[in-house]
$ cat work10.cif   # mmCIF, C-alpha atoms and all ligand atoms
data_structure
#
loop_
_atom_site.label_atom_id
_atom_site.label_comp_id
_atom_site.auth_asym_id
_atom_site.auth_seq_id
_atom_site.Cartn_x
_atom_site.Cartn_y
_atom_site.Cartn_z
CA MET A 1 110.47 -141.05 -38.83
CA ILE A 2 108.07 -138.74 -40.67
CA ASP A 3 105.87 -139.27 -43.72
CA VAL A 4 106.53 -138.06 -47.26
CA LYS A 5 103.97 -135.21 -47.23
CA SER A 6 105.22 -133.78 -43.91
CA ALA A 7 108.82 -133.98 -45.14
CA LEU A 8 108.01 -132.11 -48.34
CA ASN A 9 106.06 -129.45 -46.43
CA LEU A 10 109.00 -128.94 -44.09
CA VAL A 11 111.39 -128.54 -47.02
CA LEU A 12 109.17 -125.93 -48.65
CA ARG A 13 108.60 -124.11 -45.36
CA HIS A 14 112.35 -123.87 -44.70
CA ALA A 15 113.47 -122.91 -48.21
CA SER A 16 115.14 -119.50 -47.92
CA LEU A 17 113.51 -117.26 -50.47
CA GLY A 18 116.22 -115.84 -52.71
CA SER A 19 116.39 -112.06 -52.53
CA LYS A 20 119.49 -111.61 -54.66
CA THR A 21 118.72 -110.63 -58.21
CA GLN A 22 120.74 -109.95 -61.33
CA GLU A 23 120.25 -108.60 -64.83
CA VAL A 24 120.85 -111.16 -67.57
CA ALA A 25 120.89 -110.93 -71.33
CA LEU A 26 117.76 -112.59 -72.70
CA LYS A 27 119.83 -115.06 -74.72
CA ALA A 28 121.52 -116.26 -71.49
CA ALA A 29 118.30 -116.38 -69.44
CA LEU A 30 117.27 -120.01 -69.99
CA ASP A 31 116.16 -121.69 -66.71
CA PHE A 32 116.33 -118.50 -64.65
CA VAL A 33 113.24 -117.25 -62.78
CA LEU A 34 111.93 -113.72 -63.26
CA ALA A 35 112.40 -111.47 -60.23
CA LYS A 36 110.28 -108.67 -61.76
CA ASP A 37 107.26 -108.56 -64.06
CA VAL A 38 108.21 -107.90 -67.68
CA ILE A 39 106.12 -105.17 -69.32
CA SER A 40 105.70 -105.01 -73.06
CA GLU A 41 106.71 -101.70 -74.59
CA ILE A 42 105.02 -102.45 -77.90
CA ASP A 43 101.76 -103.80 -79.28
CA MET A 44 102.32 -107.27 -80.73
CA PRO A 45 101.73 -107.48 -83.58
CA PRO A 46 102.70 -103.81 -83.92
CA PHE A 47 100.42 -103.34 -86.98
CA ARG A 48 97.50 -105.16 -88.66
CA GLN A 49 99.27 -108.16 -90.15
CA SER A 50 98.22 -110.35 -93.04
CA ALA A 51 98.03 -114.00 -91.92
CA MET A 52 98.05 -115.31 -95.53
CA ASP A 53 99.53 -114.86 -98.97
CA GLY A 54 96.70 -113.45 -101.10
CA TYR A 55 94.87 -110.18 -101.57
CA ALA A 56 93.80 -107.41 -99.18
CA LEU A 57 90.40 -106.03 -100.22
CA HIS A 58 88.26 -103.02 -99.56
CA MET A 59 85.04 -105.04 -99.71
CA GLY A 60 82.64 -103.87 -102.38
CA GLU A 61 79.30 -104.91 -103.90
CA SER A 62 80.49 -107.42 -106.53
CA ASN A 63 82.78 -110.45 -106.25
CA SER A 64 85.27 -108.94 -108.70
CA TYR A 65 88.14 -106.67 -107.52
CA LYS A 66 90.72 -104.55 -109.33
CA VAL A 67 94.30 -105.13 -108.13
CA ILE A 68 95.99 -101.72 -107.76
CA GLY A 69 99.33 -102.64 -106.16
CA GLU A 70 101.36 -104.92 -103.91
CA VAL A 71 102.50 -104.96 -100.25
CA LYS A 72 105.10 -107.45 -99.07
CA ALA A 73 106.47 -108.18 -95.55
CA GLY A 74 108.66 -105.32 -94.34
CA ASP A 75 107.08 -102.72 -96.68
CA ALA A 76 106.03 -99.43 -95.12
CA ALA A 77 103.50 -98.78 -97.94
CA ASN A 78 99.90 -98.00 -97.00
CA PRO A 79 98.07 -97.75 -100.36
CA VAL A 80 94.57 -96.25 -100.33
CA LEU A 81 91.89 -98.66 -101.60
CA LYS A 82 88.44 -97.66 -102.72
CA ALA A 83 85.51 -100.08 -102.41
CA GLY A 84 85.97 -102.84 -105.00
CA GLU A 85 89.78 -102.52 -105.05
CA ALA A 86 92.47 -104.92 -103.86
CA VAL A 87 96.24 -105.15 -103.35
CA ARG A 88 98.40 -108.24 -103.67
CA ILE A 89 99.61 -109.02 -100.11
CA PHE A 90 101.92 -111.56 -98.46
CA THR A 91 102.02 -113.23 -95.03
CA GLY A 92 103.39 -110.85 -92.38
CA ALA A 93 102.85 -107.70 -94.49
CA PRO A 94 100.96 -104.67 -93.08
CA VAL A 95 97.35 -104.64 -94.24
CA PRO A 96 96.48 -101.19 -95.66
CA ASP A 97 94.25 -99.12 -93.32
CA THR A 98 91.62 -98.94 -96.04
CA ALA A 99 91.44 -102.75 -96.52
CA ASN A 100 88.94 -104.67 -94.39
CA THR A 101 89.63 -108.30 -95.26
CA VAL A 102 92.28 -110.61 -96.74
CA VAL A 103 91.52 -113.50 -99.06
CA MET A 104 93.92 -116.43 -99.60
CA GLN A 105 95.23 -116.64 -103.14
CA GLU A 106 93.81 -120.20 -103.46
CA LYS A 107 90.31 -118.68 -103.08
CA VAL A 108 90.42 -116.36 -106.10
CA ARG A 109 90.57 -116.63 -109.89
CA VAL A 110 93.02 -114.20 -111.48
CA ASN A 111 92.00 -112.50 -114.68
CA GLY A 112 94.53 -109.86 -115.83
CA ASP A 113 94.50 -107.04 -113.24
CA LYS A 114 91.21 -108.40 -111.82
CA ILE A 115 90.51 -111.10 -109.27
CA VAL A 116 87.22 -112.91 -108.82
CA LEU A 117 86.28 -114.42 -105.46
CA VAL A 118 85.47 -118.13 -105.40
CA ASP A 119 83.55 -118.02 -102.06
CA PRO A 120 81.75 -115.27 -100.15
CA LEU A 121 83.94 -113.38 -97.64
CA ASN A 122 83.65 -112.02 -94.12
CA VAL A 123 85.11 -108.79 -92.86
CA ASN A 124 88.52 -108.97 -91.04
CA GLN A 125 89.29 -112.44 -92.33
CA ASN A 126 92.99 -113.48 -92.21
CA ILE A 127 93.99 -110.21 -90.48
CA ARG A 128 95.87 -110.34 -87.16
CA PRO A 129 94.73 -107.18 -85.36
CA ASN A 130 97.50 -105.06 -83.85
CA GLY A 131 98.03 -105.89 -80.18
CA GLU A 132 96.19 -109.23 -80.67
CA GLN A 133 98.81 -111.06 -78.58
CA ILE A 134 99.75 -108.28 -76.18
CA ARG A 135 99.21 -104.54 -75.81
CA SER A 136 101.90 -101.98 -75.02
CA GLY A 137 102.01 -101.49 -71.21
CA ALA A 138 100.58 -104.94 -70.42
CA ILE A 139 102.43 -107.58 -68.36
CA ALA A 140 104.13 -110.04 -70.71
CA LEU A 141 105.42 -112.40 -67.98
CA THR A 142 104.96 -112.22 -64.23
CA LYS A 143 107.59 -112.40 -61.49
CA GLY A 144 108.14 -116.08 -60.56
CA THR A 145 107.91 -117.38 -64.13
CA ALA A 146 110.69 -119.76 -65.16
CA ILE A 147 112.25 -118.84 -68.48
CA ASN A 148 111.99 -121.58 -71.10
CA SER A 149 112.82 -121.43 -74.79
CA ALA A 150 109.30 -120.37 -75.86
CA ARG A 151 109.40 -117.51 -73.33
CA ILE A 152 112.80 -116.39 -74.64
CA GLY A 153 111.20 -116.26 -78.09
CA PHE A 154 108.15 -114.40 -76.79
CA LEU A 155 110.23 -111.75 -75.00
CA ALA A 156 112.53 -111.39 -78.02
CA SER A 157 109.42 -110.78 -80.16
CA LEU A 158 108.66 -107.83 -77.88
CA GLY A 159 112.14 -106.39 -78.40
CA ILE A 160 113.34 -107.22 -74.87
CA THR A 161 117.09 -107.73 -74.54
CA THR A 162 117.70 -108.02 -70.77
CA ILE A 163 115.58 -109.20 -67.83
CA THR A 164 115.88 -109.24 -64.03
CA VAL A 165 116.10 -112.73 -62.56
CA TYR A 166 116.86 -114.32 -59.21
CA LYS A 167 120.44 -115.42 -58.69
CA LYS A 168 120.81 -119.18 -58.73
CA PRO A 169 121.89 -120.75 -55.43
CA THR A 170 125.51 -121.86 -55.23
CA LEU A 171 125.77 -125.56 -54.53
CA SER A 172 128.30 -127.95 -53.06
CA ILE A 173 128.09 -131.72 -53.44
CA ILE A 174 130.01 -133.82 -50.94
CA VAL A 175 130.38 -137.54 -51.56
CA THR A 176 131.47 -139.68 -48.63
CA GLY A 177 132.96 -143.16 -48.45
CA ASN A 178 136.37 -144.90 -48.26
CA GLU A 179 135.21 -147.29 -50.98
CA LEU A 180 134.77 -144.60 -53.64
CA ILE A 181 137.24 -144.50 -56.52
CA THR A 182 137.27 -142.06 -59.40
CA PRO A 183 136.33 -143.76 -62.71
CA GLY A 184 139.45 -144.29 -64.84
CA ILE A 185 141.47 -145.95 -62.06
CA LYS A 186 141.53 -149.79 -61.72
CA LEU A 187 139.32 -151.05 -58.88
CA SER A 188 140.89 -152.94 -55.98
CA PHE A 189 138.86 -155.42 -53.97
CA GLY A 190 136.14 -153.68 -51.90
CA GLU A 191 136.19 -150.51 -53.94
CA ILE A 192 133.48 -149.10 -56.23
CA TYR A 193 133.43 -146.25 -58.66
CA GLU A 194 132.07 -142.94 -57.41
CA SER A 195 128.89 -142.11 -59.33
CA ASN A 196 126.63 -139.94 -57.12
CA GLY A 197 128.78 -136.83 -57.47
CA VAL A 198 128.90 -136.79 -61.27
CA MET A 199 125.22 -137.77 -61.45
CA LEU A 200 124.10 -134.94 -59.17
CA SER A 201 126.36 -132.44 -60.97
CA ALA A 202 124.77 -133.57 -64.23
CA VAL A 203 121.16 -133.29 -63.05
CA LEU A 204 121.91 -129.86 -61.58
CA SER A 205 123.54 -128.71 -64.79
CA GLU A 206 120.56 -130.04 -66.79
CA LEU A 207 118.31 -127.82 -64.64
CA GLY A 208 120.49 -124.76 -65.15
CA TYR A 209 122.66 -124.90 -61.99
CA LYS A 210 126.12 -124.75 -63.48
CA ASP A 211 128.00 -123.42 -60.46
CA THR A 212 128.51 -126.57 -58.37
CA ARG A 213 131.54 -127.81 -56.47
CA LEU A 214 132.17 -131.51 -55.97
CA ILE A 215 134.17 -132.65 -52.93
CA LYS A 216 135.06 -136.19 -51.87
CA VAL A 217 135.63 -137.13 -48.25
CA GLU A 218 136.72 -140.34 -46.52
CA ASP A 219 134.73 -141.97 -43.71
CA ASP A 220 136.59 -139.90 -41.10
CA TYR A 221 134.78 -137.85 -38.46
CA ASN A 222 137.16 -134.87 -38.29
CA GLN A 223 137.61 -134.63 -42.05
CA THR A 224 133.82 -134.86 -42.53
CA LYS A 225 133.25 -132.02 -40.04
CA GLU A 226 135.87 -129.84 -41.69
CA VAL A 227 134.60 -130.38 -45.24
CA LEU A 228 130.96 -129.82 -44.23
CA GLN A 229 131.82 -126.57 -42.43
CA LYS A 230 133.76 -125.27 -45.43
CA ALA A 231 130.92 -126.16 -47.81
CA ILE A 232 128.38 -124.41 -45.58
CA ASN A 233 130.56 -121.28 -45.53
CA ASN A 234 130.76 -121.23 -49.34
CA SER A 235 127.31 -122.34 -50.53
CA ASP A 236 123.59 -121.67 -50.35
CA VAL A 237 122.71 -125.36 -50.61
CA VAL A 238 124.83 -128.38 -49.66
CA LEU A 239 124.10 -131.92 -50.86
CA VAL A 240 125.91 -134.76 -49.09
CA THR A 241 125.61 -138.40 -50.17
CA GLY A 242 126.26 -141.48 -48.06
CA GLY A 243 127.27 -141.93 -44.44
CA ILE A 244 123.87 -140.89 -43.08
CA SER A 245 122.58 -144.28 -41.96
CA VAL A 246 123.27 -146.00 -38.63
CA GLY A 247 126.60 -147.77 -39.30
CA ASP A 248 129.67 -147.19 -37.11
CA TYR A 249 131.39 -145.38 -40.01
CA ASP A 250 128.38 -143.23 -40.96
CA PHE A 251 129.78 -139.93 -39.64
CA VAL A 252 127.64 -137.39 -41.48
CA GLY A 253 124.84 -137.11 -38.87
CA LYS A 254 127.30 -136.73 -35.97
CA ALA A 255 129.40 -134.19 -37.88
CA LEU A 256 126.34 -132.11 -38.81
CA ASN A 257 125.27 -132.06 -35.19
CA ALA A 258 128.75 -131.06 -34.03
CA ILE A 259 128.97 -128.07 -36.40
CA GLY A 260 125.53 -126.81 -35.37
CA VAL A 261 123.34 -127.76 -38.34
CA GLU A 262 119.75 -127.75 -37.09
CA GLU A 263 117.93 -131.00 -37.91
CA ILE A 264 114.57 -130.27 -39.57
CA PHE A 265 113.95 -133.97 -40.15
CA TYR A 266 115.84 -137.24 -40.34
CA LYS A 267 114.32 -140.41 -41.79
CA VAL A 268 111.26 -140.46 -44.02
CA ASN A 269 108.91 -143.44 -44.34
CA GLN A 270 109.71 -144.01 -48.02
CA LYS A 271 111.48 -146.36 -50.36
CA PRO A 272 113.95 -145.48 -51.62
CA GLY A 273 115.53 -142.86 -49.39
CA LYS A 274 114.58 -143.74 -45.82
CA PRO A 275 117.62 -142.19 -44.09
CA LEU A 276 117.16 -138.76 -45.75
CA PHE A 277 118.28 -135.82 -43.57
CA PHE A 278 117.31 -132.18 -44.07
CA GLY A 279 118.78 -129.38 -41.98
CA LYS A 280 119.56 -125.68 -41.87
CA LYS A 281 122.44 -123.58 -40.65
CA GLY A 282 121.41 -119.94 -40.89
CA GLU A 283 120.19 -119.46 -44.46
CA VAL A 284 122.08 -122.50 -45.78
CA SER A 285 120.00 -125.63 -46.52
CA LEU A 286 121.61 -129.03 -46.28
CA PHE A 287 120.42 -132.41 -47.48
CA ALA A 288 122.20 -135.61 -46.55
CA LEU A 289 121.01 -137.98 -49.25
CA PRO A 290 121.34 -141.74 -48.86
CA GLY A 291 124.44 -143.19 -50.51
CA ASN A 292 122.52 -145.71 -52.60
CA PRO A 293 122.57 -144.02 -56.03
CA ALA A 294 118.90 -144.46 -57.00
CA ALA A 295 117.83 -143.31 -53.53
CA ALA A 296 120.01 -140.20 -53.89
CA LEU A 297 118.49 -139.31 -57.29
CA SER A 298 114.90 -139.99 -56.15
CA CYS A 299 115.38 -137.75 -53.12
CA PHE A 300 116.87 -135.12 -55.38
CA TYR A 301 113.75 -134.95 -57.58
CA ILE A 302 111.26 -135.17 -54.71
CA TYR A 303 112.88 -132.86 -52.13
CA VAL A 304 115.92 -130.98 -53.47
CA TYR A 305 114.27 -129.85 -56.71
CA PRO A 306 111.35 -128.09 -54.91
CA LEU A 307 113.77 -126.45 -52.46
CA LEU A 308 115.87 -125.06 -55.33
CA LYS A 309 112.80 -123.84 -57.21
CA LYS A 310 111.26 -122.23 -54.14
CA SER A 311 114.52 -120.56 -53.13
CA GLU A 312 114.89 -118.96 -56.54
CA GLY A 313 111.37 -117.55 -56.41
CA ALA A 314 109.65 -119.87 -58.91
CA TYR A 315 105.88 -120.11 -58.51
CA LYS A 316 105.91 -123.71 -59.80
CA THR A 317 108.09 -125.51 -57.27
CA GLN A 318 107.38 -129.15 -57.99
CA LEU A 319 107.59 -131.52 -60.90
CA THR A 320 104.24 -132.04 -62.63
CA ARG A 321 102.11 -134.76 -61.02
CA ILE A 322 99.28 -136.39 -62.95
CA ALA A 323 97.01 -139.39 -62.32
CA MET A 324 97.65 -142.19 -64.84
CA PRO A 325 96.30 -145.73 -65.10
CA LEU A 326 98.80 -148.46 -64.23
CA SER A 327 99.62 -150.96 -67.01
CA VAL A 328 99.64 -154.09 -64.77
CA ASP A 329 98.64 -155.13 -61.23
CA TYR A 330 101.23 -154.10 -58.62
CA SER A 331 101.68 -155.07 -54.99
CA VAL A 332 103.94 -153.36 -52.48
CA ARG A 333 106.00 -155.19 -49.87
CA GLY A 334 106.48 -153.43 -46.53
CA ASN A 335 104.80 -150.29 -45.26
CA ARG A 336 106.96 -147.53 -46.70
CA ALA A 337 105.59 -145.10 -49.32
CA GLN A 338 107.15 -145.92 -52.70
CA PHE A 339 108.69 -143.85 -55.47
CA LEU A 340 108.95 -146.29 -58.38
CA LYS A 341 110.96 -145.73 -61.55
CA ALA A 342 108.38 -145.80 -64.34
CA GLN A 343 107.73 -145.10 -67.97
CA VAL A 344 104.71 -143.22 -69.27
CA GLU A 345 103.78 -144.97 -72.51
CA GLY A 346 100.73 -143.69 -74.37
CA SER A 347 97.83 -143.50 -71.94
CA HIS A 348 99.35 -145.81 -69.28
CA VAL A 349 102.23 -145.81 -66.85
CA HIS A 350 104.45 -148.86 -66.63
CA ILE A 351 106.57 -149.66 -63.55
CA LEU A 352 110.07 -150.71 -64.60
CA GLY A 353 112.05 -153.70 -63.33
CA GLY A 354 115.21 -153.10 -61.25
CA GLN A 355 113.79 -150.94 -58.45
CA SER A 356 116.65 -151.55 -56.00
CA SER A 357 118.00 -148.30 -54.58
CA ALA A 358 121.51 -149.54 -55.38
CA MET A 359 120.74 -149.82 -59.13
CA LEU A 360 120.63 -146.97 -61.62
CA SER A 361 119.94 -148.60 -64.99
CA ALA A 362 116.11 -148.47 -64.64
CA PHE A 363 116.35 -144.80 -63.68
CA GLY A 364 118.00 -144.11 -67.01
CA ASP A 365 114.94 -145.50 -68.81
CA ALA A 366 112.42 -143.78 -66.53
CA ASN A 367 110.53 -140.67 -67.54
CA ALA A 368 108.42 -140.66 -64.38
CA LEU A 369 108.25 -141.76 -60.77
CA VAL A 370 105.07 -143.44 -59.57
CA TYR A 371 104.20 -142.43 -56.01
CA ILE A 372 102.37 -145.02 -53.93
CA PRO A 373 101.36 -143.72 -50.49
CA GLU A 374 102.29 -145.80 -47.44
CA GLU A 375 98.72 -147.00 -46.74
CA VAL A 376 98.34 -148.55 -50.24
CA THR A 377 99.58 -152.11 -50.80
CA GLU A 378 97.66 -153.40 -53.87
CA ILE A 379 96.95 -151.58 -57.12
CA LYS A 380 94.98 -153.17 -59.94
CA LYS A 381 95.75 -152.74 -63.63
CA GLY A 382 93.95 -149.62 -64.92
CA GLU A 383 93.73 -147.95 -61.51
CA GLY A 384 95.00 -144.37 -61.42
CA VAL A 385 98.33 -143.72 -59.69
CA GLU A 386 100.08 -140.43 -58.91
CA THR A 387 102.74 -140.08 -61.61
CA ILE A 388 105.52 -137.54 -61.20
CA LEU A 389 106.90 -136.51 -64.58
CA LEU A 390 110.69 -136.21 -64.69
CA PRO A 391 112.24 -133.35 -66.67
CA ALA A 392 112.45 -134.55 -70.29
CA LYS A 393 115.90 -135.10 -71.83
N1 LIG A 401 121.03 -151.27 -39.95
C1 LIG A 401 120.53 -150.54 -40.95
N2 LIG A 401 121.23 -150.42 -42.06
C2 LIG A 401 120.77 -149.68 -43.09
C3 LIG A 401 119.51 -149.06 -42.98
C4 LIG A 401 118.80 -149.18 -41.77
O1 LIG A 401 117.67 -148.64 -41.61
N3 LIG A 401 119.36 -149.91 -40.77
N4 LIG A 401 119.01 -148.38 -44.05
C5 LIG A 401 119.47 -148.79 -45.36
C6 LIG A 401 119.01 -147.88 -46.37
S1 LIG A 401 117.36 -147.97 -46.74
C7 LIG A 401 119.84 -147.08 -47.05
S2 LIG A 401 119.21 -146.09 -48.34
C8 LIG A 401 121.27 -147.02 -46.79
C9 LIG A 401 121.80 -145.60 -46.75
O2 LIG A 401 123.05 -145.59 -46.18
P1 LIG A 401 124.01 -144.34 -46.19
O3 LIG A 401 123.28 -143.12 -46.62
O4 LIG A 401 124.70 -144.28 -44.92
O5 LIG A 401 125.00 -144.64 -47.38
P2 LIG A 401 126.32 -145.51 -47.39
O6 LIG A 401 126.19 -146.60 -46.41
O7 LIG A 401 127.47 -144.61 -47.31
O8 LIG A 401 126.21 -146.07 -48.85
C10 LIG A 401 125.15 -146.90 -49.28
C11 LIG A 401 125.55 -147.59 -50.59
O9 LIG A 401 125.75 -146.64 -51.59
C12 LIG A 401 127.07 -146.68 -52.11
N5 LIG A 401 127.55 -145.32 -52.36
C13 LIG A 401 127.70 -144.37 -51.44
N6 LIG A 401 128.17 -143.24 -52.02
C14 LIG A 401 128.28 -143.49 -53.31
C15 LIG A 401 128.75 -142.72 -54.42
N7 LIG A 401 129.14 -141.45 -54.27
N8 LIG A 401 128.76 -143.30 -55.64
C16 LIG A 401 128.36 -144.58 -55.79
N9 LIG A 401 127.91 -145.35 -54.77
C17 LIG A 401 127.90 -144.83 -53.56
C18 LIG A 401 127.87 -147.33 -51.00
O10 LIG A 401 129.05 -147.93 -51.46
C19 LIG A 401 126.87 -148.33 -50.45
O11 LIG A 401 126.84 -149.48 -51.24
O12 LIG A 401 121.57 -147.67 -45.57
C20 LIG A 401 120.99 -148.95 -45.42
N10 LIG A 401 121.50 -149.56 -44.23
O1 LIG A 402 115.86 -146.12 -48.19
MO1 LIG A 402 117.04 -147.22 -49.01
O2 LIG A 402 117.17 -146.19 -50.35
O3 LIG A 402 115.58 -148.20 -49.48
O4 LIG A 402 118.08 -148.51 -49.76
#
$ encode --input "work10.cif" --output "structure tokens" --more "lines below"
Ligand SMILES: Nc1nc2c(c(=O)[nH]1)N[C@H]1C(S)=C(S)[C@@H](COP(=O)(O)OP(=O)(O)OC[C@H]3O[C@@H](n4cnc5c(N)ncnc54)[C@H](O)[C@@H]3O)O[C@H]1N2
Ligand code: MOO
Amino acid sequence: MIDVKSALNLVLRHASLGSKTQEVALKAALDFVLAKDVISEIDMPPFRQSAMDGYALHMGESNSYKVIGEVKAGDAANPVLKAGEAVRIFTGAPVPDTANTVVMQEKVRVNGDKIVLVDPLNVNQNIRPNGEQIRSGAIALTKGTAINSARIGFLASLGITTITVYKKPTLSIIVTGNELITPGIKLSFGEIYESNGVMLSAVLSELGYKDTRLIKVEDDYNQTKEVLQKAINNSDVVLVTGGISVGDYDFVGKALNAIGVEEIFYKVNQKPGKPLFFGKKGEVSLFALPGNPAAALSCFYIYVYPLLKKSEGAYKTQLTRIAMPLSVDYSVRGNRAQFLKAQVEGSHVHILGGQSSAMLSAFGDANALVYIPEEVTEIKKGEGVETILLPAK
């Protein structure tokens, strides 16, 4: 049995770095990771932009200005202003080359074709210089950056239509167990509804991995071997749930061994998720997640997520971890490190009820996992705990 930190290090060390890239349209690039720096081909803004509705002035001696024209957003006009002259201007419009400041319309009194300033002015007020955000030829986003909605907007503002990203890994999910029944069919005694497969497909889809196959297998050694081998042939990453513990009908470990999957580790000193297995066959990574649903999802966030991020070239491989004060005293039973379903509320983190690894309802309410290392048994209210923020949805 190894500890949590060693297990995570092994996962990251063995993640095969994706080398396959593809061009994608910017509008379809959400959640992909850049495989090449993106260079801006324009200055942004491309011209001196007015940041306010008001007047562009060529500053003169007095506080009174003659208004000689108008420039609105989209106009190509560049009127010539002498000292003491102004043009009416609107937010986003190009400031004439001969104007050296912009005054908001609320800060002037209008008197016919004259305006009078209410307050003294500084030069270059309310003007966004060209290239203020980025210069032509500069790096807009570096290789390894994950594309989010703000970055799609930023690249669109630079006129970029396609980018080069890493290909997403192809994934197979294999759920094991004679007791598993597809929801929609009436349960017989001893049966339960299959939930790990749909849950893992959903969390993968939420993170941008749409190309996943879901396969169900009975507790049968030969069938397990066959299905695992097929999944390894067809995928970059395989996730198995259940059948990895020590029971007589837990065939996953034996089957993995028989088809030549190299064990990187098996069993981590953590709750939930003790019987977690991680292995490799060639470039294919394989996790056997515990069958207990909350253990499977915890292990997904803590170990599978970083592997996926690392293998698609992302520089940020792990969920954000912050120290937050605990809302009440908490004591741990046993000597396993804990990942506790929790809710960040205001400035505190609150550990939820229903922590059993067989129960999922608390997970649905959780927006974080609190990590308590194996050597810690008592935490007092207000003490800082490592809080892993789950992707928001
Ligand atoms: N003698 C021991 N028994 C167990 C140990 C141990 O150390 N010694 N560890 C326990 C812990 S901790 C865990 S976690 C589980 C993990 O067992 P498996 O990974 O082999 O999982 P299963 O036994 O197949 O299933 C566990 C549980 O989860 C349900 N399950 C499985 N798959 C699904 C699915 N796709 N959808 C919904 N529910 C599923 C299954 O019916 C079981 O109730 O082992 C302990 N035992
Ligand atoms: O390691 Mo298990 O997930 O505690 O039931």
$ closest_residue --input "work10.cif" --among "A:Phe265, A:Tyr193, A:Tyr303, A:Tyr371" --to "ligand LIG 401 (chain A)" --atoms "all atoms listed in the file"
A:Tyr193
$ closest_residue --input "work10.cif" --among "A:Val240, A:Ala35, A:Leu12, A:Met104" --to "Gly144 of chain A" --atoms "all atoms listed in the file"
A:Ala35
$ residues_near_ligand --input "work10.cif" --ligand "ligand LIG 402 (chain A)" --cutoff "9 Å" --atoms "all atoms listed in the file" --output "JSON, numbers by chain"
{"A": [267, 268, 269, 270, 271, 272, 273, 274, 275, 276, 290, 291, 292, 293, 294, 295, 296, 298, 356, 357, 358]}
$ write_last_selection --input "work10.cif" --atoms "C-alpha atoms" --output "tab-separated table (two decimals), keeping the file's coordinate frame"
chain	number	residue	atom	x	y	z
A	267	LYS	CA	114.32	-140.41	-41.79
A	268	VAL	CA	111.26	-140.46	-44.02
A	269	ASN	CA	108.91	-143.44	-44.34
A	270	GLN	CA	109.71	-144.01	-48.02
A	271	LYS	CA	111.48	-146.36	-50.36
A	272	PRO	CA	113.95	-145.48	-51.62
A	273	GLY	CA	115.53	-142.86	-49.39
A	274	LYS	CA	114.58	-143.74	-45.82
A	275	PRO	CA	117.62	-142.19	-44.09
A	276	LEU	CA	117.16	-138.76	-45.75
A	290	PRO	CA	121.34	-141.74	-48.86
A	291	GLY	CA	124.44	-143.19	-50.51
A	292	ASN	CA	122.52	-145.71	-52.60
A	293	PRO	CA	122.57	-144.02	-56.03
A	294	ALA	CA	118.90	-144.46	-57.00
A	295	ALA	CA	117.83	-143.31	-53.53
A	296	ALA	CA	120.01	-140.20	-53.89
A	298	SER	CA	114.90	-139.99	-56.15
A	356	SER	CA	116.65	-151.55	-56.00
A	357	SER	CA	118.00	-148.30	-54.58
A	358	ALA	CA	121.51	-149.54	-55.38
$ residues_near_point --input "work10.cif" --point "(124.1, -133.9, -51.8)" --cutoff "10 Å" --atoms "all atoms listed in the file" --output "list in words"
Leu171, Ser172, Ile173, Ile174, Val175, Thr176, Asn196, Gly197, Leu200, Ser201, Leu214, Val237, Val238, Leu239, Val240, Thr241, Gly242, Leu286, Phe287, Ala288, Leu289, Pro290, Gly291, Ala296, Leu297, Cys299, Phe300 and Val304 of chain A
$ closest_residue --input "work10.cif" --among "A:Val123, A:Leu340, A:Met1, A:Leu26" --to "ligand LIG 401 (chain A)" --atoms "all atoms listed in the file"
A:Met1
$ closest_residue --input "work10.cif" --among "A:Pro96, A:Gly243, A:Gly137, A:Gly346" --to "ligand LIG 401 (chain A)" --atoms "all atoms listed in the file"
A:Gly243
$ closest_residue --input "work10.cif" --among "A:Leu57, A:Ala366, A:Ala202, A:Val261" --to "Asn100 of chain A" --atoms "only C-alpha atoms"
A:Leu57
$ closest_residue --input "work10.cif" --among "A:Val116, A:Thr98, A:Ile185, A:Arg88" --to "Gly69 of chain A" --atoms "only C-alpha atoms"
A:Arg88
$ residues_around --input "work10.cif" --residues "Ala362 of chain A" --least-positions-apart "4" --cutoff "7 Å" --atoms "only C-alpha atoms" --output "VMD selection string"
chain A and resid 341 352 to 354 366
$ atom_distance --input "work10.cif" --atom1 "atom CA of Leu389 of chain A" --atom2 "atom CA of Ala368 of chain A"
4.4 Å
$ atom_distance --input "work10.cif" --atom1 "atom CA of Leu307 of chain A" --atom2 "atom CA of Gln22 of chain A"
20.0 Å
$ atom_distance --input "work10.cif" --atom1 "atom CA of Asp329 of chain A" --atom2 "atom CA of Ile379 of chain A"
5.7 Å
$ residues_around --input "work10.cif" --residues "Pro325 of chain A" --least-positions-apart "3" --cutoff "8 Å" --atoms "only C-alpha atoms" --output "ChimeraX atom specification"
/A:347-349,381-385
$ write_last_selection --input "work10.cif" --atoms "C-alpha atoms" --output "short mmCIF file (atom, residue, chain, number, x, y, z; two decimals), in the frame of the given file"
data_model
loop_
_atom_site.label_atom_id
_atom_site.label_comp_id
_atom_site.auth_asym_id
_atom_site.auth_seq_id
_atom_site.Cartn_x
_atom_site.Cartn_y
_atom_site.Cartn_z
CA SER A 347 97.83 -143.50 -71.94
CA HIS A 348 99.35 -145.81 -69.28
CA VAL A 349 102.23 -145.81 -66.85
CA LYS A 381 95.75 -152.74 -63.63
CA GLY A 382 93.95 -149.62 -64.92
CA GLU A 383 93.73 -147.95 -61.51
CA GLY A 384 95.00 -144.37 -61.42
CA VAL A 385 98.33 -143.72 -59.69
#
$ residues_around --input "work10.cif" --residues "Glu191 of chain A" --least-positions-apart "2" --cutoff "12 Å" --atoms "only C-alpha atoms" --output "list in words"
Gly177, Asn178, Glu179, Leu180, Ile181, Thr182, Pro183, Ile185, Lys186, Leu187, Ser188, Phe189, Tyr193 and Glu194 of chain A
